[in-house]
There are 2 protein chains.
Amino acid sequence: MTEKLILDGNAVANAVKEELKARIADLKTKGITPCLATILVGDDSSSETYVKMKGNACARLGIDSKKIHLDKETTTEELLDVIYQLNEDANVHGILLQHPVPHQIDERKAFEAIDIEKDVDGVTSFGYGQTALGFGKYPSCTPAAILKIMEYYNINASGKHAVVVGRSPILGKPVSALLLNADATVTTCHSRTENLASHVKQADIIIAAVGKPNFIQGDWVKPGAIILDAGYNKGNIGDVDYEACLKQASAITPVPGGVGPVTISMLLKHTVDSAERSI
Amino acid sequence: MTEKLILDGNAVANAVKEELKARIADLKTKGITPCLATILVGDDSSSETYVKMKGNACARLGIDSKKIHLDKETTTEELLDVIYQLNEDANVHGILLQHPVPHQIDERKAFEAIDIEKDVDGVTSFGYGQTALGFGKYPSCTPAAILKIMEYYNINASGKHAVVVGRSPILGKPVSALLLNADATVTTCHSRTENLASHVKQADIIIAAVGKPNFIQGDWVKPGAIILDAGYNKGNIGDVDYEACLKQASAITPVPGGVGPVTISMLLKHTVDSAERSI
């Protein structure tokens, strides 16, 4: 049996955070404390948990967070006003709008209102375009995390065939773009893809970004493939049938402890990057 | 022998122009003449020819063109000033910066300076991002032309496997994005792709966007595939080895008379769209 490499997201996240600590200390000597503003609209309990996790992660590193909690009846215009104020606030270096937002809000309009210089979560179309054309400052955090894990483990995408399952604006599309810029040949699959298994079967690198528990099956995986599972479904279950896929793969991210922790560290990194650029 | 469908770009372009004529006449009754500003820097003869062709195409439909010809020694700052003036000019509805520009100019910086509302050639990262996320007003013209030809000939991309050869910011990347939004499964290949022929061989739809004459070989083409050739190399030669690929394909664009004429009609259409939006 060949050795399996378990891609340990906590190790990657810790390495990122260690590097950030020095940079944050340096910023503080200059009188600047990086600050992430988080906006939560309504009282969805998972969203509350996510925002709290992000706030705690900031606090542990000495990054300020400015928590804004809006009523679930908030209108798009009211939300836009809050975003505009944060855009203008020189003490705020990053803005995160926790999504999904309540249905009465035009989520895309709200995302687009975020200043490109503070779009540390990588949700604007402008930021997406810059990322895809190769000069984005803040790619979406999960795609950035996937590339960071690959970098940490010296997984070179150049010339490799990466198959991305999913095409969401903050995951499937930007991770496809980043992999393409890393010189992978990239196939993007989705709900309308015919013969999905046969596409996945050809991949040297599989990115699971579909949001369905245990969706990617073991017999869809070419022996030796590398699997990065960006899924995070209820009950700490990824998009990949882990045990079955582990048998086929040469390297794989677990869930939890894979892409998730690195995603949060990318959010922190982007906030620090933005604080440094604000000088 | 099965029948081959030759995808006639001139027929598509004429249909687009017929529709535009009525819209332009309507705009003129409102006192508005659509106007495309073209910027040519230096004296490259092919660039001059392209700009002239575009100006003539405008004139034939009654679209104004404002031709700006800058010295080959023009600096980035000087070019930016011209672009800023055109951004402010209410009589200008579209701005086209003919590229490539001389080497001393930061082409990307110049593209990015174009107001998103006048980026009818689809060169800004902002416009690219909007297109990729599904709400762009002005995709790059050649990708838009490819989708228009498919629409005209009722070629439905949904669920089909499209293989794009090329990943440039104005061709390979945006056509990949448009095909993905049209529900194709999209593979983007490029100079670093390993086993290119085997990727192309799987395609239901092949997009040649590589800029190398006769590059796509007949034996790379799955029988029945649809081929759209966006190549336009010296001597009116496409990126596809036409005679050899014609034998395999069920439908194919010729060069010349394929994607080229539709590309120009998309530029005209975007200029008219922008003039209508300016009201």
# chains A, B, ... in the order shown; residues from 1 in each chain; ligands from 1
$ interface_residues --of "chain B" --to "chain A" --cutoff "7 Å" --atoms "only C-alpha atoms" --output "PDB file with N, CA, C and O atoms, in the first residue's frame"
ATOM      1  N   SER B 125     -11.039  44.448 -15.903  1.00  0.00           N
ATOM      2  CA  SER B 125     -11.218  43.303 -14.996  1.00  0.00           C
ATOM      3  C   SER B 125     -12.603  43.354 -14.356  1.00  0.00           C
ATOM      4  O   SER B 125     -13.209  42.310 -14.080  1.00  0.00           O
ATOM      5  N   PHE B 126     -13.087  44.566 -14.137  1.00  0.00           N
ATOM      6  CA  PHE B 126     -14.422  44.721 -13.552  1.00  0.00           C
ATOM      7  C   PHE B 126     -15.476  44.115 -14.497  1.00  0.00           C
ATOM      8  O   PHE B 126     -16.350  43.330 -14.076  1.00  0.00           O
ATOM      9  N   TYR B 128     -14.935  41.943 -16.821  1.00  0.00           N
ATOM     10  CA  TYR B 128     -14.728  40.497 -16.876  1.00  0.00           C
ATOM     11  C   TYR B 128     -15.394  39.811 -15.687  1.00  0.00           C
ATOM     12  O   TYR B 128     -16.068  38.788 -15.828  1.00  0.00           O
ATOM     13  N   GLY B 129     -15.209  40.378 -14.503  1.00  0.00           N
ATOM     14  CA  GLY B 129     -15.803  39.790 -13.301  1.00  0.00           C
ATOM     15  C   GLY B 129     -17.319  39.744 -13.394  1.00  0.00           C
ATOM     16  O   GLY B 129     -17.952  38.742 -13.069  1.00  0.00           O
ATOM     17  N   GLN B 130     -17.913  40.834 -13.862  1.00  0.00           N
ATOM     18  CA  GLN B 130     -19.373  40.862 -13.997  1.00  0.00           C
ATOM     19  C   GLN B 130     -19.843  39.824 -15.008  1.00  0.00           C
ATOM     20  O   GLN B 130     -20.851  39.142 -14.792  1.00  0.00           O
ATOM     21  N   LEU B 133     -19.561  36.362 -13.477  1.00  0.00           N
ATOM     22  CA  LEU B 133     -20.564  36.097 -12.447  1.00  0.00           C
ATOM     23  C   LEU B 133     -21.979  36.184 -13.016  1.00  0.00           C
ATOM     24  O   LEU B 133     -22.953  35.990 -12.286  1.00  0.00           O
ATOM     25  N   SER B 158     -25.735  23.540 -23.059  1.00  0.00           N
ATOM     26  CA  SER B 158     -26.055  22.963 -21.746  1.00  0.00           C
ATOM     27  C   SER B 158     -25.666  21.487 -21.645  1.00  0.00           C
ATOM     28  O   SER B 158     -26.087  20.662 -22.464  1.00  0.00           O
ATOM     29  N   GLY B 159     -24.857  21.202 -20.642  1.00  0.00           N
ATOM     30  CA  GLY B 159     -24.434  19.826 -20.384  1.00  0.00           C
ATOM     31  C   GLY B 159     -23.333  19.341 -21.304  1.00  0.00           C
ATOM     32  O   GLY B 159     -22.717  18.306 -21.048  1.00  0.00           O
ATOM     33  N   LYS B 160     -23.079  20.079 -22.368  1.00  0.00           N
ATOM     34  CA  LYS B 160     -22.043  19.682 -23.323  1.00  0.00           C
ATOM     35  C   LYS B 160     -20.651  19.985 -22.763  1.00  0.00           C
ATOM     36  O   LYS B 160     -20.485  20.839 -21.915  1.00  0.00           O
ATOM     37  N   PRO B 169      -6.906  37.118 -21.492  1.00  0.00           N
ATOM     38  CA  PRO B 169      -7.929  37.870 -20.737  1.00  0.00           C
ATOM     39  C   PRO B 169      -9.114  38.312 -21.586  1.00  0.00           C
ATOM     40  O   PRO B 169     -10.188  38.550 -21.051  1.00  0.00           O
ATOM     41  N   ASP B 183     -24.146  26.784 -19.125  1.00  0.00           N
ATOM     42  CA  ASP B 183     -24.300  25.428 -18.601  1.00  0.00           C
ATOM     43  C   ASP B 183     -23.466  24.362 -19.293  1.00  0.00           C
ATOM     44  O   ASP B 183     -23.759  23.161 -19.159  1.00  0.00           O
ATOM     45  N   ALA B 184     -22.444  24.777 -20.034  1.00  0.00           N
ATOM     46  CA  ALA B 184     -21.486  23.779 -20.527  1.00  0.00           C
ATOM     47  C   ALA B 184     -20.561  23.359 -19.394  1.00  0.00           C
ATOM     48  O   ALA B 184     -20.340  24.109 -18.449  1.00  0.00           O
ATOM     49  N   THR B 185     -20.041  22.135 -19.505  1.00  0.00           N
ATOM     50  CA  THR B 185     -18.891  21.738 -18.702  1.00  0.00           C
ATOM     51  C   THR B 185     -17.676  22.240 -19.465  1.00  0.00           C
ATOM     52  O   THR B 185     -17.527  21.910 -20.641  1.00  0.00           O
ATOM     53  N   VAL B 186     -16.847  23.053 -18.816  1.00  0.00           N
ATOM     54  CA  VAL B 186     -15.811  23.762 -19.575  1.00  0.00           C
ATOM     55  C   VAL B 186     -14.410  23.352 -19.126  1.00  0.00           C
ATOM     56  O   VAL B 186     -14.096  23.397 -17.933  1.00  0.00           O
ATOM     57  N   THR B 187     -13.596  22.964 -20.106  1.00  0.00           N
ATOM     58  CA  THR B 187     -12.180  22.721 -19.855  1.00  0.00           C
ATOM     59  C   THR B 187     -11.374  23.802 -20.561  1.00  0.00           C
ATOM     60  O   THR B 187     -11.560  24.027 -21.754  1.00  0.00           O
ATOM     61  N   THR B 188     -10.519  24.478 -19.813  1.00  0.00           N
ATOM     62  CA  THR B 188      -9.670  25.512 -20.405  1.00  0.00           C
ATOM     63  C   THR B 188      -8.237  24.985 -20.496  1.00  0.00           C
ATOM     64  O   THR B 188      -7.629  24.632 -19.483  1.00  0.00           O
ATOM     65  N   CYS B 189      -7.743  24.932 -21.728  1.00  0.00           N
ATOM     66  CA  CYS B 189      -6.387  24.435 -21.999  1.00  0.00           C
ATOM     67  C   CYS B 189      -5.509  25.605 -22.426  1.00  0.00           C
ATOM     68  O   CYS B 189      -6.010  26.662 -22.810  1.00  0.00           O
ATOM     69  N   ARG B 192       0.633  25.330 -21.201  1.00  0.00           N
ATOM     70  CA  ARG B 192       1.187  24.383 -20.232  1.00  0.00           C
ATOM     71  C   ARG B 192       0.392  23.087 -20.120  1.00  0.00           C
ATOM     72  O   ARG B 192       0.736  22.215 -19.316  1.00  0.00           O
ATOM     73  N   THR B 193      -0.671  22.988 -20.867  1.00  0.00           N
ATOM     74  CA  THR B 193      -1.509  21.785 -20.797  1.00  0.00           C
ATOM     75  C   THR B 193      -0.732  20.556 -21.279  1.00  0.00           C
ATOM     76  O   THR B 193      -0.098  20.612 -22.331  1.00  0.00           O
ATOM     77  N   GLU B 194      -0.805  19.493 -20.497  1.00  0.00           N
ATOM     78  CA  GLU B 194      -0.216  18.223 -20.928  1.00  0.00           C
ATOM     79  C   GLU B 194      -1.278  17.448 -21.703  1.00  0.00           C
ATOM     80  O   GLU B 194      -2.455  17.494 -21.363  1.00  0.00           O
TER      81      GLU B 194
END
$ residues_around --residues "Tyr232 in chain A" --least-positions-apart "6" --cutoff "8 Å" --atoms "only C-alpha atoms" --output "JSON, numbers by chain"
{"A": [211, 213, 238, 239, 255, 256, 260]}
$ write_last_selection --atoms "C-alpha atoms" --output "PDB file, in the first residue's frame"
ATOM      1  CA  GLY A 211     -22.133  21.510  -1.063  1.00  0.00           C
ATOM      2  CA  PRO A 213     -22.409  15.569   1.772  1.00  0.00           C
ATOM      3  CA  GLY A 238     -17.411  17.079   3.511  1.00  0.00           C
ATOM      4  CA  ASP A 239     -18.425  16.796  -0.137  1.00  0.00           C
ATOM      5  CA  VAL A 255     -13.243  17.321   7.059  1.00  0.00           C
ATOM      6  CA  PRO A 256     -13.017  18.858   9.591  1.00  0.00           C
ATOM      7  CA  GLY A 260     -11.962  25.022   6.789  1.00  0.00           C
TER       8      GLY A 260
END
$ residues_around --residues "Arg23 in chain B" --least-positions-apart "4" --cutoff "9 Å" --atoms "only C-alpha atoms" --output "PyMOL selection string"
chain B and resi 19+27-28+272+276
$ calpha_fit_and_write --fixed "chain B" --moving "chain A" --output "compact mmCIF listing (two decimals) with C-alpha atoms, in the first residue's frame"
# COMPACT_ATOMS: atom_id res chain seq x y z
CA MET A 1 -21.32 11.33 -45.59
CA THR A 2 -23.19 13.41 -43.06
CA GLU A 3 -24.02 16.98 -43.85
CA LYS A 4 -21.63 19.61 -42.54
CA LEU A 5 -22.94 22.85 -41.18
CA ILE A 6 -20.74 25.79 -42.08
CA LEU A 7 -21.38 28.45 -39.46
CA ASP A 8 -21.64 31.57 -41.57
CA GLY A 9 -20.45 34.55 -39.57
CA ASN A 10 -21.52 37.04 -42.20
CA ALA A 11 -25.12 35.84 -41.95
CA VAL A 12 -25.01 36.24 -38.17
CA ALA A 13 -23.37 39.66 -38.40
CA ASN A 14 -25.97 40.83 -40.90
CA ALA A 15 -28.80 39.71 -38.66
CA VAL A 16 -27.27 41.61 -35.75
CA LYS A 17 -26.80 44.73 -37.86
CA GLU A 18 -30.38 44.64 -39.17
CA GLU A 19 -31.65 44.67 -35.62
CA LEU A 20 -29.26 47.50 -34.73
CA LYS A 21 -30.42 49.70 -37.60
CA ALA A 22 -33.89 50.02 -36.12
CA ARG A 23 -32.50 50.74 -32.68
CA ILE A 24 -30.10 53.38 -34.01
CA ALA A 25 -32.94 55.07 -35.95
CA ASP A 26 -34.98 55.13 -32.77
CA LEU A 27 -32.09 56.67 -30.81
CA LYS A 28 -31.70 59.36 -33.46
CA THR A 29 -35.32 60.39 -33.12
CA LYS A 30 -34.41 61.05 -29.48
CA GLY A 31 -31.45 63.20 -30.50
CA ILE A 32 -28.83 60.60 -29.67
CA THR A 33 -26.26 59.23 -32.09
CA PRO A 34 -24.32 56.29 -30.68
CA CYS A 35 -20.61 57.08 -30.67
CA LEU A 36 -17.61 54.80 -30.36
CA ALA A 37 -14.28 56.40 -29.50
CA THR A 38 -11.29 54.50 -30.85
CA ILE A 39 -7.79 55.10 -29.55
CA LEU A 40 -4.83 54.08 -31.66
CA VAL A 41 -1.34 54.56 -30.23
CA GLY A 42 1.57 54.48 -32.67
CA ASP A 43 1.66 53.47 -36.29
CA ASP A 44 1.44 49.69 -36.40
CA SER A 45 -0.11 49.03 -39.79
CA SER A 46 -2.34 46.10 -38.73
CA SER A 47 -3.65 48.11 -35.80
CA GLU A 48 -4.37 51.01 -38.15
CA THR A 49 -6.25 48.64 -40.43
CA TYR A 50 -8.31 47.22 -37.58
CA VAL A 51 -9.25 50.66 -36.30
CA LYS A 52 -10.19 51.75 -39.81
CA MET A 53 -12.36 48.62 -40.27
CA LYS A 54 -14.17 49.35 -37.03
CA GLY A 55 -14.68 53.00 -37.99
CA ASN A 56 -16.07 51.97 -41.37
CA ALA A 57 -18.40 49.45 -39.76
CA CYS A 58 -19.71 52.20 -37.48
CA ALA A 59 -20.19 54.58 -40.39
CA ARG A 60 -22.17 52.05 -42.43
CA LEU A 61 -24.72 51.77 -39.62
CA GLY A 62 -24.82 55.47 -38.76
CA ILE A 63 -22.80 55.14 -35.55
CA ASP A 64 -20.41 58.02 -34.99
CA SER A 65 -16.81 57.24 -34.36
CA LYS A 66 -14.37 59.55 -32.69
CA LYS A 67 -10.90 58.58 -33.81
CA ILE A 68 -7.99 59.44 -31.58
CA HIS A 69 -4.54 58.74 -32.92
CA LEU A 70 -1.69 59.20 -30.47
CA ASP A 71 2.00 59.35 -31.15
CA LYS A 72 3.99 56.13 -30.70
CA GLU A 73 5.99 57.79 -27.90
CA THR A 74 2.83 58.41 -25.82
CA THR A 75 3.29 57.69 -22.12
CA THR A 76 0.89 55.75 -19.92
CA GLU A 77 -0.06 58.98 -18.14
CA GLU A 78 -0.84 60.76 -21.40
CA LEU A 79 -2.97 57.83 -22.54
CA LEU A 80 -4.77 57.75 -19.19
CA ASP A 81 -5.60 61.45 -19.56
CA VAL A 82 -7.20 60.77 -22.93
CA ILE A 83 -9.21 57.89 -21.48
CA TYR A 84 -10.36 60.02 -18.54
CA GLN A 85 -11.56 62.71 -20.93
CA LEU A 86 -13.51 60.16 -22.95
CA ASN A 87 -15.00 58.74 -19.75
CA GLU A 88 -16.35 62.22 -19.01
CA ASP A 89 -17.56 62.96 -22.52
CA ALA A 90 -21.33 62.44 -22.53
CA ASN A 91 -21.35 62.14 -26.32
CA VAL A 92 -19.10 59.07 -26.23
CA HIS A 93 -20.87 55.78 -25.47
CA GLY A 94 -18.05 53.32 -25.97
CA ILE A 95 -14.26 53.39 -25.75
CA LEU A 96 -12.02 51.02 -27.66
CA LEU A 97 -8.29 51.03 -27.01
CA GLN A 98 -6.71 49.21 -29.93
CA HIS A 99 -4.11 46.77 -28.66
CA PRO A 100 -1.34 45.82 -28.45
CA VAL A 101 -0.07 49.25 -27.43
CA PRO A 102 3.60 50.26 -27.62
CA HIS A 103 5.77 48.59 -24.99
CA GLN A 104 6.36 51.69 -22.84
CA ILE A 105 2.66 51.81 -22.01
CA ASP A 106 1.15 49.88 -19.10
CA GLU A 107 -1.64 48.30 -21.15
CA ARG A 108 -3.45 46.81 -18.16
CA LYS A 109 -3.48 50.16 -16.38
CA ALA A 110 -4.90 51.79 -19.50
CA PHE A 111 -7.62 49.14 -19.86
CA GLU A 112 -8.55 49.46 -16.20
CA ALA A 113 -9.00 53.23 -16.60
CA ILE A 114 -11.92 52.76 -18.99
CA ASP A 115 -15.26 53.49 -17.34
CA ILE A 116 -17.21 50.25 -16.89
CA GLU A 117 -20.21 51.91 -18.54
CA LYS A 118 -18.17 52.55 -21.69
CA ASP A 119 -16.12 49.35 -21.74
CA VAL A 120 -17.88 48.07 -24.87
CA ASP A 121 -14.81 46.04 -25.87
CA GLY A 122 -14.88 44.15 -22.57
CA VAL A 123 -11.29 44.70 -21.49
CA THR A 124 -11.59 45.78 -17.85
CA SER A 125 -11.21 43.30 -15.00
CA PHE A 126 -14.42 44.72 -13.56
CA GLY A 127 -16.32 43.92 -16.75
CA TYR A 128 -14.72 40.49 -16.88
CA GLY A 129 -15.80 39.79 -13.30
CA GLN A 130 -19.37 40.87 -14.00
CA THR A 131 -19.47 38.70 -17.11
CA ALA A 132 -18.09 35.68 -15.29
CA LEU A 133 -20.57 36.10 -12.45
CA GLY A 134 -23.39 36.30 -14.96
CA PHE A 135 -24.45 39.93 -15.09
CA GLY A 136 -21.91 41.60 -17.36
CA LYS A 137 -23.20 44.16 -19.82
CA TYR A 138 -20.35 44.03 -22.30
CA PRO A 139 -18.40 40.79 -22.53
CA SER A 140 -15.30 40.90 -24.72
CA CYS A 141 -16.47 41.00 -28.31
CA THR A 142 -14.96 37.78 -29.65
CA PRO A 143 -16.37 35.64 -26.82
CA ALA A 144 -19.70 37.41 -27.26
CA ALA A 145 -19.52 36.65 -30.98
CA ILE A 146 -18.92 32.96 -30.34
CA LEU A 147 -21.98 32.76 -28.12
CA LYS A 148 -24.01 34.76 -30.66
CA ILE A 149 -23.12 32.33 -33.45
CA MET A 150 -24.16 29.44 -31.23
CA GLU A 151 -27.44 31.18 -30.46
CA TYR A 152 -28.11 31.93 -34.13
CA TYR A 153 -27.54 28.29 -35.09
CA ASN A 154 -29.43 26.90 -32.09
CA ILE A 155 -26.37 25.22 -30.65
CA ASN A 156 -27.24 24.55 -27.04
CA ALA A 157 -24.20 24.31 -24.78
CA SER A 158 -26.06 22.96 -21.74
CA GLY A 159 -24.44 19.83 -20.38
CA LYS A 160 -22.05 19.68 -23.33
CA HIS A 161 -18.32 19.48 -22.87
CA ALA A 162 -16.67 22.61 -24.25
CA VAL A 163 -12.89 22.65 -24.55
CA VAL A 164 -11.35 26.09 -24.91
CA VAL A 165 -7.78 26.23 -26.17
CA GLY A 166 -6.34 29.51 -24.92
CA ARG A 167 -6.62 31.55 -21.74
CA SER A 168 -6.08 35.18 -22.71
CA PRO A 169 -7.93 37.87 -20.74
CA ILE A 170 -10.05 38.90 -23.71
CA LEU A 171 -10.66 35.54 -25.34
CA GLY A 172 -9.92 32.23 -23.65
CA LYS A 173 -10.91 33.27 -20.15
CA PRO A 174 -14.12 35.14 -20.97
CA VAL A 175 -15.34 32.58 -23.51
CA SER A 176 -14.78 29.88 -20.88
CA ALA A 177 -16.83 31.97 -18.46
CA LEU A 178 -19.67 32.54 -20.93
CA LEU A 179 -19.84 28.85 -21.84
CA LEU A 180 -19.88 27.90 -18.17
CA ASN A 181 -22.77 30.31 -17.62
CA ALA A 182 -24.49 28.68 -20.60
CA ASP A 183 -24.31 25.42 -18.60
CA ALA A 184 -21.50 23.78 -20.54
CA THR A 185 -18.90 21.74 -18.69
CA VAL A 186 -15.82 23.76 -19.58
CA THR A 187 -12.19 22.72 -19.85
CA THR A 188 -9.67 25.51 -20.41
CA CYS A 189 -6.40 24.43 -22.00
CA HIS A 190 -3.27 26.46 -22.70
CA SER A 191 0.44 26.34 -23.42
CA ARG A 192 1.18 24.37 -20.24
CA THR A 193 -1.52 21.77 -20.81
CA GLU A 194 -0.22 18.22 -20.93
CA ASN A 195 -1.79 15.91 -23.53
CA LEU A 196 -3.61 18.72 -25.28
CA ALA A 197 -4.83 16.52 -28.12
CA SER A 198 -6.50 14.11 -25.70
CA HIS A 199 -8.35 16.99 -24.03
CA VAL A 200 -9.54 18.41 -27.34
CA LYS A 201 -10.56 14.93 -28.49
CA GLN A 202 -13.19 14.79 -25.75
CA ALA A 203 -14.88 18.04 -26.69
CA ASP A 204 -18.42 18.34 -27.96
CA ILE A 205 -17.60 22.00 -28.63
CA ILE A 206 -14.08 23.18 -29.46
CA ILE A 207 -13.13 26.82 -29.12
CA ALA A 208 -9.82 27.62 -30.80
CA ALA A 209 -8.41 30.76 -29.22
CA VAL A 210 -4.72 30.15 -29.27
CA GLY A 211 -3.38 32.46 -31.97
CA LYS A 212 -1.38 29.85 -33.89
CA PRO A 213 -2.20 29.13 -37.53
CA ASN A 214 -3.65 25.68 -38.29
CA PHE A 215 -2.87 24.57 -34.74
CA ILE A 216 -5.86 22.32 -34.06
CA GLN A 217 -5.40 19.10 -35.99
CA GLY A 218 -8.07 16.97 -37.63
CA ASP A 219 -7.22 13.89 -35.58
CA TRP A 220 -7.73 15.89 -32.35
CA VAL A 221 -11.41 16.27 -33.19
CA LYS A 222 -14.10 13.87 -32.02
CA PRO A 223 -16.46 12.97 -34.88
CA GLY A 224 -19.45 15.28 -34.74
CA ALA A 225 -17.82 17.99 -32.68
CA ILE A 226 -18.70 21.64 -33.22
CA ILE A 227 -15.73 23.91 -33.87
CA LEU A 228 -15.61 27.68 -33.42
CA ASP A 229 -12.34 29.15 -34.60
CA ALA A 230 -11.53 32.52 -33.05
CA GLY A 231 -8.06 32.53 -34.55
CA TYR A 232 -7.13 35.18 -37.04
CA ASN A 233 -3.56 34.80 -38.16
CA LYS A 234 -1.62 36.38 -40.97
CA GLY A 235 -2.89 35.42 -44.40
CA ASN A 236 -6.49 34.93 -43.21
CA ILE A 237 -5.67 31.65 -41.53
CA GLY A 238 -7.47 30.42 -38.45
CA ASP A 239 -6.23 28.40 -35.48
CA VAL A 240 -7.87 25.30 -36.90
CA ASP A 241 -6.59 23.14 -39.74
CA TYR A 242 -9.86 23.73 -41.54
CA GLU A 243 -9.94 21.05 -44.23
CA ALA A 244 -8.83 18.28 -41.88
CA CYS A 245 -11.14 19.38 -39.05
CA LEU A 246 -14.10 19.89 -41.39
CA LYS A 247 -14.01 16.15 -42.11
CA GLN A 248 -14.53 15.35 -38.44
CA ALA A 249 -16.81 18.16 -37.34
CA SER A 250 -20.57 18.44 -37.56
CA ALA A 251 -20.35 22.23 -37.67
CA ILE A 252 -17.47 24.67 -38.08
CA THR A 253 -16.77 28.36 -38.57
CA PRO A 254 -14.63 29.23 -41.59
CA VAL A 255 -11.80 31.77 -41.52
CA PRO A 256 -12.43 34.36 -42.84
CA GLY A 257 -16.19 34.75 -42.63
CA GLY A 258 -16.68 33.05 -39.28
CA VAL A 259 -16.12 34.59 -35.86
CA GLY A 260 -14.42 37.74 -37.23
CA PRO A 261 -17.39 39.60 -38.73
CA VAL A 262 -19.57 38.79 -35.72
CA THR A 263 -16.92 40.19 -33.39
CA ILE A 264 -17.20 43.58 -35.05
CA SER A 265 -20.99 43.44 -34.95
CA MET A 266 -20.80 42.77 -31.19
CA LEU A 267 -18.72 45.91 -30.77
CA LEU A 268 -21.39 47.87 -32.61
CA LYS A 269 -24.15 46.24 -30.59
CA HIS A 270 -22.43 47.09 -27.30
CA THR A 271 -22.03 50.70 -28.40
CA VAL A 272 -25.74 50.91 -29.20
CA ASP A 273 -26.59 49.19 -25.91
CA SER A 274 -24.52 51.79 -24.08
CA ALA A 275 -26.14 54.67 -25.96
CA GLU A 276 -29.57 53.34 -25.00
CA ARG A 277 -28.50 53.02 -21.36
CA SER A 278 -27.23 56.62 -21.40
CA ILE A 279 -30.76 57.98 -21.78
$ select_by_dssp --residues "range 158-269 of chain A" --states "strand (DSSP E)" --output "number ranges by chain"
A: 161-165, 185-189, 205-208, 226-229, 251-252
$ select_by_dssp --residues "range 66-266 of chain B" --states "helix (DSSP H, G or I)" --output "NGL selection string"
:B and (76-88 or 107-113 or 116-118 or 125-132 or 141-152 or 172-181 or 196-201 or 218-220 or 242-248 or 259-266)
